[in-house]
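Just below is one structure, and these are the notes that go with it.
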Amino acid sequence: MIKYRIAAIILLIFHYTSAQKIQDKELDNLSLIYTKSSFDELIDFLSLPNDAHFPKDIKKNIEWCEKAFGNRGFNIKKLTTGGIPLILASKNYNDAKKTVLVYLQVDGQPVDTTKWFQENPYKATLKELDKNRKWNTIPITHLKKELNPDWRIFARSASDAKGPVVMFLKAMDIINDRKQEPNFNLKVILDFEEEISSPRLPKAVLDYKKELTSDMLVIFDGPRHISNQPTLAYGARGITTLSLEVFGPRAPQHSGHYGNYVPNPALRLSQLLASMMQTDGRVAIPGWYDGIEITEEVKSILRQVPDDEKIIRKKLGIAAIDNIADTYQESIQYPSLGILGLESGWTGTKTRTIIPASAIAEMNIRLVKETDAQHMVNLVKQHIASQGYHIIESVPTEEERMKYPKIIRFNYNIAYDAFRTDFDTEIGQWLRKAMIRAFGATPIQIRTGGGSIPISPFVNTLNIPAVIVPTVNKDNNQHSPNENIRLGNYIDGIKTITAILTQEL
């Protein structure tokens, strides 16, 4: 149990009147003190709906961020994009030799309120786990008392990624209150459309290249390693989305009258999807894995991550894995093809005895640094054509319906590419030193994370290296109902960012 010491608070607060270098041994106390002072702000921030499909809601989040960063002495500039803007918050320091760009995400995934075990996904709820592994609500006022690091705050974006935003703000409060001046300038880019693939970000980075010019990029996003030890990730996969719709009859038809006569689009789509994959999970499309070579040197880097494959599978509830590689770390060095959702006809109590008019599959491609997005899209499209489909971009015309026995709508969106930074670059060395100061040990270093974030536009356009500093718990249910953040991770996150901001570059 973490103890909150009043004497330590008084001792530290009364010394804020003069500039003092923050000592390594102070990081624990400071992070705990400022955690306590952060909850009102965090709860207020989490109360703002932030689904980027609703610009009116996002506007409130933008205003909140402008005020929060402005109060910390940042110069605020809106980067117009033709849609939802980006926010650039900048702060210069007298002895700065370089500039660090920080990426923070503010928007969140949509919510299905029927699947959340609380009154409102946007009302932060404090919970603790009982002996039966059930999360029980406890009064939010407990946050004013002695903190249990295993308590969790449940709310949309608690981990992904408003929690890290407030961690950063409280780290700024620490260095401001202690009158610390980093020897680097800070630029913070706030993205309000990350969960819809940041469609305007690549052009914005080009348009505002001068304003964004920096020496390196730090991303405070994502979960730590499954062991929950301090982690650095030197890359992330890119993402491209696909939407497929196989057409059948013009309207749903009675399955008794037309079964055995009208081809069923749901069955045809199932057969098409199955043709893309081998039964062992490998993508069957020719050329899918071309250009990927996992050398012994790379394998030695991957083996440094302390994964326990049995524990990973147990937590996931699976007996076996896809036949891509022998380990989790190696498997995510390859591009993947995934089915996100399927839709056709009706199910459950709404089931109808019909042949559906169409069947839809939403898919994505997770890219690695060696793969080109357009090339991968073309591979999928060529495979679909090889299965006898006439490919269109919208609904079929009457002429097409009468001419082609198999018709499919094929649409895609290339969001962003993968990126990867070498371990021994300046940014890696700097972040490792900060993490060692904070935690007394070298962090776990991951070559490529499995998720995707819109970082490649910065890396490619600004020609700078980038590293991810994940802080939240792995089991946070991000993108899903009952998203949460563990208090111990939240405290450690403030500690991590404070160590980084006070580490000389």
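Residues are named by chain letter and number: chains run A, B, ... in the order of the structure tokens, numbers start at 1 in each chain, and ligands are numbered from 1 in the order shown.
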Polymer residues at most 9 Å from A:Thr80, only C-alpha atoms, same-chain spacing of 6 or more positions, as a PyMOL selection string
chain A and resi 86-87+204
Please dump the current selection as a short mmCIF file (atom, residue, chain, number, x, y, z; two decimals), in the first residue's frame; keep N, CA and C atoms.
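Written output follows (part_9.cif):
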```
data_model
loop_
_atom_site.label_atom_id
_atom_site.label_comp_id
_atom_site.auth_asym_id
_atom_site.auth_seq_id
_atom_site.Cartn_x
_atom_site.Cartn_y
_atom_site.Cartn_z
N LEU A 86 -5.50 20.53 -35.20
CA LEU A 86 -4.50 20.06 -34.24
C LEU A 86 -4.14 21.25 -33.36
N ILE A 87 -3.63 20.96 -32.17
CA ILE A 87 -3.14 22.01 -31.29
C ILE A 87 -1.64 21.83 -31.11
N ALA A 204 -1.12 18.07 -42.64
CA ALA A 204 -0.85 19.12 -41.65
C ALA A 204 0.64 19.18 -41.31
#
```
For the structure I just gave you, how does DSSP split stretch 97-345 of chain A - specifically, which residues are helix (DSSP H, G or I)? Reply as a short mmCIF file (atom, residue, chain, number, x, y, z; two decimals) with N, CA, C and O atoms, in the first residue's frame.
```
data_model
loop_
_atom_site.label_atom_id
_atom_site.label_comp_id
_atom_site.auth_asym_id
_atom_site.auth_seq_id
_atom_site.Cartn_x
_atom_site.Cartn_y
_atom_site.Cartn_z
N THR A 113 -22.81 1.95 -24.42
CA THR A 113 -23.12 2.09 -23.00
C THR A 113 -23.72 0.82 -22.40
O THR A 113 -23.63 0.61 -21.19
N THR A 114 -24.29 -0.03 -23.23
CA THR A 114 -24.91 -1.26 -22.71
C THR A 114 -23.87 -2.26 -22.23
O THR A 114 -24.21 -3.20 -21.51
N LYS A 115 -22.63 -2.08 -22.62
CA LYS A 115 -21.58 -3.03 -22.25
C LYS A 115 -20.69 -2.53 -21.10
O LYS A 115 -19.78 -3.21 -20.68
N ILE A 140 -15.58 7.57 -5.11
CA ILE A 140 -14.51 8.30 -5.77
C ILE A 140 -13.76 9.17 -4.77
O ILE A 140 -12.59 9.54 -4.98
N THR A 141 -14.39 9.48 -3.64
CA THR A 141 -13.74 10.28 -2.60
C THR A 141 -12.57 9.55 -1.96
O THR A 141 -11.75 10.18 -1.27
N HIS A 142 -12.46 8.24 -2.18
CA HIS A 142 -11.31 7.49 -1.65
C HIS A 142 -10.00 8.00 -2.25
O HIS A 142 -8.92 7.76 -1.70
N LEU A 143 -10.09 8.68 -3.39
CA LEU A 143 -8.89 9.22 -4.01
C LEU A 143 -8.26 10.33 -3.16
O LEU A 143 -7.11 10.72 -3.40
N LYS A 144 -9.02 10.83 -2.20
CA LYS A 144 -8.49 11.86 -1.30
C LYS A 144 -7.78 11.24 -0.10
O LYS A 144 -7.17 11.94 0.70
N LYS A 162 -6.26 9.97 -22.42
CA LYS A 162 -6.33 11.17 -21.60
C LYS A 162 -5.51 11.04 -20.33
O LYS A 162 -4.99 12.04 -19.81
N GLY A 163 -5.41 9.81 -19.81
CA GLY A 163 -4.57 9.60 -18.63
C GLY A 163 -3.15 10.10 -18.86
O GLY A 163 -2.63 10.90 -18.06
N PRO A 164 -2.48 9.66 -19.94
CA PRO A 164 -1.13 10.17 -20.23
C PRO A 164 -1.07 11.68 -20.45
O PRO A 164 -0.05 12.30 -20.14
N VAL A 165 -2.14 12.28 -20.98
CA VAL A 165 -2.14 13.74 -21.14
C VAL A 165 -2.04 14.42 -19.78
O VAL A 165 -1.23 15.34 -19.58
N VAL A 166 -2.83 13.96 -18.83
CA VAL A 166 -2.80 14.57 -17.50
C VAL A 166 -1.50 14.23 -16.78
O VAL A 166 -0.95 15.06 -16.03
N MET A 167 -0.95 13.04 -17.01
CA MET A 167 0.38 12.72 -16.47
C MET A 167 1.40 13.77 -16.91
O MET A 167 2.20 14.26 -16.11
N PHE A 168 1.36 14.10 -18.20
CA PHE A 168 2.30 15.08 -18.75
C PHE A 168 2.07 16.44 -18.10
O PHE A 168 3.03 17.14 -17.71
N LEU A 169 0.82 16.84 -17.95
CA LEU A 169 0.51 18.13 -17.35
C LEU A 169 1.01 18.21 -15.91
O LEU A 169 1.55 19.23 -15.47
N LYS A 170 0.86 17.12 -15.15
CA LYS A 170 1.31 17.15 -13.75
C LYS A 170 2.83 17.13 -13.68
O LYS A 170 3.42 17.74 -12.77
N ALA A 171 3.49 16.46 -14.61
CA ALA A 171 4.96 16.53 -14.66
C ALA A 171 5.41 17.96 -14.94
O ALA A 171 6.40 18.44 -14.37
N MET A 172 4.67 18.65 -15.81
CA MET A 172 4.98 20.06 -16.07
C MET A 172 4.77 20.90 -14.81
O MET A 172 5.55 21.82 -14.52
N ASP A 173 3.73 20.58 -14.03
CA ASP A 173 3.51 21.30 -12.77
C ASP A 173 4.70 21.13 -11.83
O ASP A 173 5.12 22.07 -11.14
N ILE A 174 5.24 19.92 -11.79
CA ILE A 174 6.39 19.66 -10.92
C ILE A 174 7.58 20.53 -11.31
O ILE A 174 8.18 21.21 -10.46
N ILE A 175 7.93 20.53 -12.60
CA ILE A 175 9.11 21.29 -12.99
C ILE A 175 8.85 22.79 -12.93
O ILE A 175 9.76 23.58 -12.65
N ASN A 176 7.60 23.20 -13.17
CA ASN A 176 7.28 24.63 -13.04
C ASN A 176 7.35 25.08 -11.59
O ASN A 176 7.92 26.14 -11.28
N ASP A 177 6.76 24.29 -10.69
CA ASP A 177 6.76 24.65 -9.27
C ASP A 177 8.18 24.67 -8.70
O ASP A 177 8.48 25.46 -7.81
N GLU A 194 -7.05 10.69 -33.66
CA GLU A 194 -6.20 9.50 -33.77
C GLU A 194 -7.02 8.23 -33.95
O GLU A 194 -6.65 7.34 -34.72
N GLU A 195 -8.16 8.15 -33.27
CA GLU A 195 -8.96 6.92 -33.32
C GLU A 195 -9.71 6.76 -34.64
O GLU A 195 -10.31 5.71 -34.88
N ILE A 196 -9.70 7.79 -35.47
CA ILE A 196 -10.25 7.64 -36.83
C ILE A 196 -9.12 7.78 -37.85
O ILE A 196 -9.30 8.26 -38.96
N LEU A 201 -3.72 14.48 -40.62
CA LEU A 201 -2.41 14.70 -40.00
C LEU A 201 -1.25 14.76 -41.00
O LEU A 201 -0.42 15.67 -40.92
N PRO A 202 -1.15 13.81 -41.95
CA PRO A 202 0.00 13.86 -42.87
C PRO A 202 0.14 15.19 -43.61
O PRO A 202 1.24 15.74 -43.70
N LYS A 203 -0.97 15.72 -44.11
CA LYS A 203 -0.92 17.01 -44.82
C LYS A 203 -0.59 18.14 -43.86
O LYS A 203 0.15 19.08 -44.20
N ALA A 204 -1.12 18.07 -42.64
CA ALA A 204 -0.85 19.12 -41.65
C ALA A 204 0.64 19.18 -41.31
O ALA A 204 1.20 20.26 -41.15
N VAL A 205 1.27 18.02 -41.22
CA VAL A 205 2.71 18.00 -40.92
C VAL A 205 3.48 18.66 -42.06
O VAL A 205 4.46 19.40 -41.82
N LEU A 206 3.05 18.44 -43.28
CA LEU A 206 3.67 19.11 -44.42
C LEU A 206 3.41 20.61 -44.39
O LEU A 206 4.33 21.43 -44.59
N ASP A 207 2.16 20.98 -44.13
CA ASP A 207 1.78 22.39 -44.14
C ASP A 207 2.47 23.19 -43.04
O ASP A 207 2.78 24.37 -43.21
N LYS A 209 5.37 22.30 -41.43
CA LYS A 209 6.70 21.71 -41.22
C LYS A 209 7.61 22.65 -40.43
O LYS A 209 8.34 22.21 -39.53
N LYS A 210 7.58 23.93 -40.75
CA LYS A 210 8.45 24.89 -40.07
C LYS A 210 8.11 24.98 -38.59
O LYS A 210 8.99 24.97 -37.72
N GLU A 211 6.81 25.07 -38.28
CA GLU A 211 6.39 25.18 -36.87
C GLU A 211 6.70 23.92 -36.08
O GLU A 211 6.95 23.98 -34.87
N LEU A 212 6.73 22.76 -36.75
CA LEU A 212 6.93 21.48 -36.07
C LEU A 212 8.40 21.04 -36.04
O LEU A 212 8.73 20.01 -35.43
N SER A 255 -35.91 -17.39 -48.05
CA SER A 255 -34.97 -18.51 -48.20
C SER A 255 -35.67 -19.79 -48.63
O SER A 255 -35.03 -20.71 -49.17
N GLY A 256 -36.99 -19.88 -48.40
CA GLY A 256 -37.73 -21.06 -48.87
C GLY A 256 -37.99 -20.99 -50.36
O GLY A 256 -37.78 -21.97 -51.09
N HIS A 257 -38.38 -19.82 -50.82
CA HIS A 257 -38.69 -19.67 -52.24
C HIS A 257 -37.43 -19.70 -53.10
O HIS A 257 -37.46 -20.21 -54.24
N TYR A 258 -36.32 -19.14 -52.58
CA TYR A 258 -35.16 -18.94 -53.44
C TYR A 258 -33.87 -19.64 -52.98
O TYR A 258 -32.84 -19.50 -53.62
N PRO A 265 -24.76 -14.16 -50.64
CA PRO A 265 -23.55 -13.33 -50.55
C PRO A 265 -22.76 -13.56 -49.26
O PRO A 265 -21.54 -13.39 -49.24
N ALA A 266 -23.45 -13.95 -48.17
CA ALA A 266 -22.74 -14.21 -46.91
C ALA A 266 -21.83 -15.43 -47.06
O ALA A 266 -20.69 -15.43 -46.58
N LEU A 267 -22.34 -16.45 -47.73
CA LEU A 267 -21.51 -17.63 -47.97
C LEU A 267 -20.35 -17.30 -48.89
O LEU A 267 -19.21 -17.71 -48.65
N ARG A 268 -20.62 -16.56 -49.94
CA ARG A 268 -19.55 -16.20 -50.88
C ARG A 268 -18.47 -15.35 -50.21
O ARG A 268 -17.28 -15.54 -50.45
N LEU A 269 -18.89 -14.41 -49.37
CA LEU A 269 -17.90 -13.59 -48.66
C LEU A 269 -17.07 -14.47 -47.72
O LEU A 269 -15.84 -14.31 -47.63
N SER A 270 -17.72 -15.40 -47.04
CA SER A 270 -17.00 -16.32 -46.15
C SER A 270 -15.96 -17.12 -46.93
O SER A 270 -14.82 -17.30 -46.47
N GLN A 271 -16.34 -17.60 -48.10
CA GLN A 271 -15.41 -18.37 -48.92
C GLN A 271 -14.25 -17.50 -49.41
O GLN A 271 -13.10 -17.94 -49.43
N LEU A 272 -14.55 -16.25 -49.74
CA LEU A 272 -13.50 -15.34 -50.20
C LEU A 272 -12.51 -15.05 -49.08
O LEU A 272 -11.29 -15.11 -49.29
N LEU A 273 -13.03 -14.77 -47.91
CA LEU A 273 -12.15 -14.49 -46.77
C LEU A 273 -11.31 -15.71 -46.42
O LEU A 273 -10.12 -15.60 -46.12
N ALA A 274 -11.93 -16.88 -46.47
CA ALA A 274 -11.19 -18.11 -46.16
C ALA A 274 -10.08 -18.34 -47.18
O ALA A 274 -9.02 -18.87 -46.83
N SER A 275 -10.30 -17.92 -48.43
CA SER A 275 -9.27 -18.12 -49.45
C SER A 275 -8.04 -17.25 -49.22
O SER A 275 -6.97 -17.50 -49.76
N MET A 276 -8.20 -16.20 -48.40
CA MET A 276 -7.08 -15.29 -48.12
C MET A 276 -6.15 -15.84 -47.04
O MET A 276 -5.04 -15.34 -46.88
N GLU A 296 19.33 -13.38 -37.15
CA GLU A 296 19.71 -13.79 -35.80
C GLU A 296 19.96 -12.57 -34.92
O GLU A 296 19.67 -12.59 -33.72
N GLU A 297 20.50 -11.51 -35.52
CA GLU A 297 20.74 -10.28 -34.76
C GLU A 297 19.41 -9.69 -34.27
O GLU A 297 19.29 -9.27 -33.11
N VAL A 298 18.42 -9.67 -35.17
CA VAL A 298 17.11 -9.16 -34.78
C VAL A 298 16.48 -10.06 -33.73
O VAL A 298 15.89 -9.58 -32.74
N LYS A 299 16.61 -11.37 -33.91
CA LYS A 299 16.04 -12.30 -32.93
C LYS A 299 16.66 -12.09 -31.55
O LYS A 299 15.97 -12.21 -30.52
N SER A 300 17.95 -11.78 -31.51
CA SER A 300 18.60 -11.54 -30.22
C SER A 300 18.03 -10.30 -29.54
O SER A 300 17.89 -10.25 -28.31
N ILE A 301 17.68 -9.29 -30.35
CA ILE A 301 17.04 -8.09 -29.81
C ILE A 301 15.65 -8.42 -29.26
O ILE A 301 15.26 -8.00 -28.17
N LEU A 302 14.92 -9.24 -30.02
CA LEU A 302 13.56 -9.61 -29.60
C LEU A 302 13.59 -10.44 -28.33
O LEU A 302 12.69 -10.33 -27.49
N ARG A 303 14.62 -11.28 -28.18
CA ARG A 303 14.71 -12.14 -27.00
C ARG A 303 14.98 -11.36 -25.72
O ARG A 303 14.81 -11.90 -24.61
N GLU A 309 5.64 -16.86 -22.83
CA GLU A 309 4.62 -17.22 -23.80
C GLU A 309 3.42 -17.93 -23.16
O GLU A 309 2.27 -17.71 -23.55
N LYS A 310 3.67 -18.76 -22.15
CA LYS A 310 2.57 -19.47 -21.50
C LYS A 310 1.64 -18.50 -20.77
O LYS A 310 0.42 -18.63 -20.82
N ILE A 311 2.24 -17.50 -20.12
CA ILE A 311 1.43 -16.53 -19.39
C ILE A 311 0.62 -15.67 -20.37
O ILE A 311 -0.56 -15.38 -20.13
N ILE A 312 1.24 -15.27 -21.47
CA ILE A 312 0.53 -14.47 -22.46
C ILE A 312 -0.70 -15.22 -22.97
O ILE A 312 -1.80 -14.68 -23.05
N ARG A 313 -0.50 -16.48 -23.32
CA ARG A 313 -1.62 -17.28 -23.85
C ARG A 313 -2.70 -17.51 -22.79
O ARG A 313 -3.90 -17.51 -23.09
N LYS A 314 -2.25 -17.70 -21.55
CA LYS A 314 -3.23 -17.90 -20.46
C LYS A 314 -4.07 -16.65 -20.26
O LYS A 314 -5.30 -16.72 -20.10
N LYS A 315 -3.43 -15.47 -20.29
CA LYS A 315 -4.17 -14.22 -20.11
C LYS A 315 -5.14 -13.99 -21.27
O LYS A 315 -6.21 -13.42 -21.10
N LEU A 316 -4.74 -14.41 -22.47
CA LEU A 316 -5.60 -14.24 -23.64
C LEU A 316 -6.67 -15.32 -23.73
O LEU A 316 -7.65 -15.17 -24.45
N TYR A 328 5.59 -14.07 -29.47
CA TYR A 328 4.78 -12.87 -29.68
C TYR A 328 5.60 -11.76 -30.33
O TYR A 328 5.16 -11.14 -31.31
N GLN A 329 6.79 -11.49 -29.80
CA GLN A 329 7.60 -10.39 -30.32
C GLN A 329 7.94 -10.59 -31.80
O GLN A 329 7.90 -9.64 -32.59
N GLU A 330 8.27 -11.81 -32.18
CA GLU A 330 8.61 -12.05 -33.59
C GLU A 330 7.38 -11.96 -34.48
O GLU A 330 7.46 -11.49 -35.62
N SER A 331 6.23 -12.37 -33.97
CA SER A 331 5.01 -12.38 -34.80
C SER A 331 4.62 -10.98 -35.25
O SER A 331 4.09 -10.80 -36.35
#
```
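Relative to atom CA of A:Val102, atom CA of A:Ile62 is found at 16.8 Å.
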Just want the 12 Å neighbourhood of A:Lys403, counted on only C-alpha atoms, with same-chain residues fewer than 5 positions away dropped. Output as number ranges by chain.
A: 389-390, 396-398
Restrict the selected residues to C-alpha atoms and save them as a JSON list (two decimals), in the first residue's frame.
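File written: selection.json
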```json
[["chain", "number", "residue", "atom", "x", "y", "z"],
["A", 389, "TYR", "CA", -14.97, -11.08, -58.75],
["A", 390, "HIS", "CA", -15.83, -7.96, -60.69],
["A", 396, "PRO", "CA", -23.55, -2.13, -58.83],
["A", 397, "THR", "CA", -25.48, -0.80, -61.82],
["A", 398, "GLU", "CA", -28.26, -2.82, -63.43]]
```
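Counting only C-alpha atoms and comparing A:Arg152, A:Arg437, A:Lys179, A:Lys381, the residue that lies closest to A:Gly488 is A:Arg152.
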Within 9 Å of A:Lys60, counting only C-alpha atoms, which residues show up once you throw out same-chain ones fewer than 6 positions away? Write them as a PyMOL selection string, please.
chain A and resi 48-50
Can those selected residues be exported to a file as a compact mmCIF listing (two decimals), in the first residue's frame so that it contains all heavy atoms?
```txt
# COMPACT_ATOMS: atom_id res chain seq x y z
N LEU A 48 -15.57 14.66 -20.50
CA LEU A 48 -15.88 15.23 -21.81
C LEU A 48 -15.95 14.13 -22.87
O LEU A 48 -14.93 13.50 -23.17
CB LEU A 48 -14.81 16.25 -22.21
CG LEU A 48 -14.60 17.44 -21.28
CD1 LEU A 48 -13.45 18.30 -21.79
CD2 LEU A 48 -15.87 18.25 -21.14
N PRO A 49 -17.11 13.86 -23.46
CA PRO A 49 -17.17 12.89 -24.56
C PRO A 49 -16.19 13.29 -25.65
O PRO A 49 -16.06 14.48 -25.98
CB PRO A 49 -18.63 12.99 -25.03
CG PRO A 49 -19.38 13.44 -23.81
CD PRO A 49 -18.44 14.39 -23.12
N ASN A 50 -15.49 12.30 -26.22
CA ASN A 50 -14.38 12.63 -27.13
C ASN A 50 -14.33 11.74 -28.36
O ASN A 50 -13.25 11.45 -28.88
CB ASN A 50 -13.05 12.58 -26.38
CG ASN A 50 -12.73 11.19 -25.82
OD1 ASN A 50 -13.63 10.37 -25.62
ND2 ASN A 50 -11.47 10.93 -25.57
```
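Take the candidates A:Lys127, A:Lys350, A:Lys56, A:Lys406 and check each one against A:Asn264 using only C-alpha atoms; the shortest distance goes to A:Lys406.
Closest approach to A:Phe154 among A:Ile189, A:Ala319, A:Ile138, A:Ile446: A:Ile138, based on only C-alpha atoms.
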Could you check how far atom CA of A:Thr99 sits from atom CA of A:Leu186, in Å to one decimal?
5.9 Å
For A:Ser480, find every residue with an atom within 10 Å (counting only C-alpha atoms), except residues of its own chain fewer than 2 positions away, and show them as a compact mmCIF listing (two decimals) with N, CA and C atoms, in the first residue's frame.
```
# COMPACT_ATOMS: atom_id res chain seq x y z
N GLN A 109 -12.23 6.07 -28.57
CA GLN A 109 -13.10 5.20 -29.35
C GLN A 109 -14.57 5.45 -28.99
N PRO A 110 -15.49 5.11 -29.91
CA PRO A 110 -16.92 5.19 -29.57
C PRO A 110 -17.25 4.29 -28.38
N VAL A 111 -18.38 4.55 -27.76
CA VAL A 111 -18.78 3.73 -26.60
C VAL A 111 -20.12 3.05 -26.87
N ASP A 112 -20.25 1.84 -26.34
CA ASP A 112 -21.53 1.12 -26.31
C ASP A 112 -21.93 1.06 -24.84
N LYS A 115 -22.63 -2.08 -22.62
CA LYS A 115 -21.58 -3.03 -22.25
C LYS A 115 -20.69 -2.53 -21.10
N TRP A 116 -20.96 -1.32 -20.63
CA TRP A 116 -20.17 -0.76 -19.52
C TRP A 116 -20.87 -1.07 -18.20
N ARG A 156 -13.99 5.97 -20.38
CA ARG A 156 -13.46 6.00 -21.74
C ARG A 156 -12.28 6.97 -21.78
N ASN A 476 -5.87 -2.77 -19.84
CA ASN A 476 -6.69 -1.58 -19.59
C ASN A 476 -7.99 -1.55 -20.40
N ASN A 477 -8.22 -2.55 -21.24
CA ASN A 477 -9.44 -2.62 -22.06
C ASN A 477 -9.57 -1.45 -23.03
N GLN A 478 -8.45 -0.94 -23.52
CA GLN A 478 -8.54 0.18 -24.46
C GLN A 478 -9.31 -0.25 -25.69
N ASN A 482 -15.47 -0.76 -20.57
CA ASN A 482 -14.81 -0.84 -19.27
C ASN A 482 -13.31 -0.56 -19.33
N GLU A 483 -12.96 0.42 -20.15
CA GLU A 483 -11.57 0.88 -20.19
C GLU A 483 -11.19 1.44 -18.82
N ASN A 484 -9.93 1.24 -18.44
CA ASN A 484 -9.52 1.66 -17.10
C ASN A 484 -8.04 1.99 -17.05
```
Skipping near chain neighbours, those fewer than 4 positions away, what residues fall within 10 Å of A:Pro306 using only C-alpha atoms, listed as a PyMOL selection string?
chain A and resi 225-227+229+302+329+444-445
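If you measure from each of A:Tyr122, A:Phe117, A:Tyr490, A:Phe410 to A:Lys134 using only C-alpha atoms, the closest one turns out to be A:Phe117.
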Backbone DSSP call of strand (DSSP E or B) for stretch 145-239 of chain A, listed as a PDB file with N, CA and C atoms, in the first residue's frame:
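File selection.pdb, as written:
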```pdb
ATOM      1  N   ARG A 152      -8.459   1.040  -9.664  1.00  0.00           N
ATOM      2  CA  ARG A 152      -8.497   1.488 -11.052  1.00  0.00           C
ATOM      3  C   ARG A 152      -9.612   2.507 -11.272  1.00  0.00           C
ATOM      4  N   ILE A 153      -9.322   3.467 -12.129  1.00  0.00           N
ATOM      5  CA  ILE A 153     -10.330   4.423 -12.568  1.00  0.00           C
ATOM      6  C   ILE A 153     -10.855   3.945 -13.912  1.00  0.00           C
ATOM      7  N   PHE A 154     -12.170   3.704 -13.976  1.00  0.00           N
ATOM      8  CA  PHE A 154     -12.822   3.228 -15.197  1.00  0.00           C
ATOM      9  C   PHE A 154     -13.500   4.404 -15.894  1.00  0.00           C
ATOM     10  N   PHE A 184      16.249  21.783 -23.194  1.00  0.00           N
ATOM     11  CA  PHE A 184      15.666  21.611 -24.533  1.00  0.00           C
ATOM     12  C   PHE A 184      14.318  22.315 -24.556  1.00  0.00           C
ATOM     13  N   ASN A 185      13.953  22.790 -25.724  1.00  0.00           N
ATOM     14  CA  ASN A 185      12.624  23.378 -25.908  1.00  0.00           C
ATOM     15  C   ASN A 185      11.588  22.273 -26.080  1.00  0.00           C
ATOM     16  N   LEU A 186      10.356  22.600 -25.741  1.00  0.00           N
ATOM     17  CA  LEU A 186       9.266  21.625 -25.855  1.00  0.00           C
ATOM     18  C   LEU A 186       8.226  22.083 -26.872  1.00  0.00           C
ATOM     19  N   LYS A 187       7.828  21.171 -27.737  1.00  0.00           N
ATOM     20  CA  LYS A 187       6.675  21.359 -28.605  1.00  0.00           C
ATOM     21  C   LYS A 187       5.762  20.153 -28.399  1.00  0.00           C
ATOM     22  N   VAL A 188       4.502  20.423 -28.118  1.00  0.00           N
ATOM     23  CA  VAL A 188       3.542  19.339 -27.880  1.00  0.00           C
ATOM     24  C   VAL A 188       2.469  19.412 -28.958  1.00  0.00           C
ATOM     25  N   ILE A 189       2.292  18.317 -29.695  1.00  0.00           N
ATOM     26  CA  ILE A 189       1.236  18.246 -30.706  1.00  0.00           C
ATOM     27  C   ILE A 189       0.096  17.405 -30.128  1.00  0.00           C
ATOM     28  N   LEU A 190      -1.099  17.984 -30.119  1.00  0.00           N
ATOM     29  CA  LEU A 190      -2.283  17.309 -29.578  1.00  0.00           C
ATOM     30  C   LEU A 190      -3.184  16.904 -30.738  1.00  0.00           C
ATOM     31  N   ASP A 191      -3.422  15.594 -30.847  1.00  0.00           N
ATOM     32  CA  ASP A 191      -4.182  15.011 -31.948  1.00  0.00           C
ATOM     33  C   ASP A 191      -5.576  14.635 -31.457  1.00  0.00           C
ATOM     34  N   MET A 216      13.758  15.489 -32.265  1.00  0.00           N
ATOM     35  CA  MET A 216      13.314  14.129 -31.947  1.00  0.00           C
ATOM     36  C   MET A 216      11.868  14.173 -31.492  1.00  0.00           C
ATOM     37  N   LEU A 217      11.224  13.015 -31.494  1.00  0.00           N
ATOM     38  CA  LEU A 217       9.809  12.911 -31.136  1.00  0.00           C
ATOM     39  C   LEU A 217       9.622  11.849 -30.058  1.00  0.00           C
ATOM     40  N   VAL A 218       8.907  12.224 -28.981  1.00  0.00           N
ATOM     41  CA  VAL A 218       8.558  11.298 -27.906  1.00  0.00           C
ATOM     42  C   VAL A 218       7.045  11.151 -27.887  1.00  0.00           C
ATOM     43  N   ILE A 219       6.571   9.913 -27.843  1.00  0.00           N
ATOM     44  CA  ILE A 219       5.136   9.634 -27.865  1.00  0.00           C
ATOM     45  C   ILE A 219       4.742   9.019 -26.526  1.00  0.00           C
ATOM     46  N   PRO A 223       0.314   0.842 -23.777  1.00  0.00           N
ATOM     47  CA  PRO A 223       0.570   0.106 -22.539  1.00  0.00           C
ATOM     48  C   PRO A 223       2.011  -0.381 -22.427  1.00  0.00           C
ATOM     49  N   THR A 231       8.933   0.545 -19.789  1.00  0.00           N
ATOM     50  CA  THR A 231       9.091   0.064 -21.159  1.00  0.00           C
ATOM     51  C   THR A 231       9.386   1.215 -22.110  1.00  0.00           C
ATOM     52  N   LEU A 232      10.191   0.935 -23.123  1.00  0.00           N
ATOM     53  CA  LEU A 232      10.363   1.822 -24.268  1.00  0.00           C
ATOM     54  C   LEU A 232      10.073   1.020 -25.525  1.00  0.00           C
ATOM     55  N   ALA A 233       9.336   1.606 -26.465  1.00  0.00           N
ATOM     56  CA  ALA A 233       9.057   0.944 -27.744  1.00  0.00           C
ATOM     57  C   ALA A 233       9.616   1.815 -28.859  1.00  0.00           C
ATOM     58  N   GLY A 235       9.302   1.437 -32.147  1.00  0.00           N
ATOM     59  CA  GLY A 235       8.581   1.427 -33.418  1.00  0.00           C
ATOM     60  C   GLY A 235       7.140   1.004 -33.220  1.00  0.00           C
ATOM     61  N   ALA A 236       6.354   1.167 -34.264  1.00  0.00           N
ATOM     62  CA  ALA A 236       4.945   0.748 -34.248  1.00  0.00           C
ATOM     63  C   ALA A 236       4.538   0.388 -35.666  1.00  0.00           C
ATOM     64  N   GLY A 238       2.166   0.279 -38.973  1.00  0.00           N
ATOM     65  CA  GLY A 238       1.246   1.179 -39.660  1.00  0.00           C
ATOM     66  C   GLY A 238      -0.092   0.489 -39.873  1.00  0.00           C
ATOM     67  N   ILE A 239      -1.044   1.217 -40.450  1.00  0.00           N
ATOM     68  CA  ILE A 239      -2.372   0.630 -40.619  1.00  0.00           C
ATOM     69  C   ILE A 239      -3.047   1.137 -41.888  1.00  0.00           C
TER      70      ILE A 239
END
```
Using only C-alpha atoms, which of the listed residues (A:Ala434, A:Leu30, A:Pro457, A:Pro230) sits closest to A:Arg200?
A:Pro457
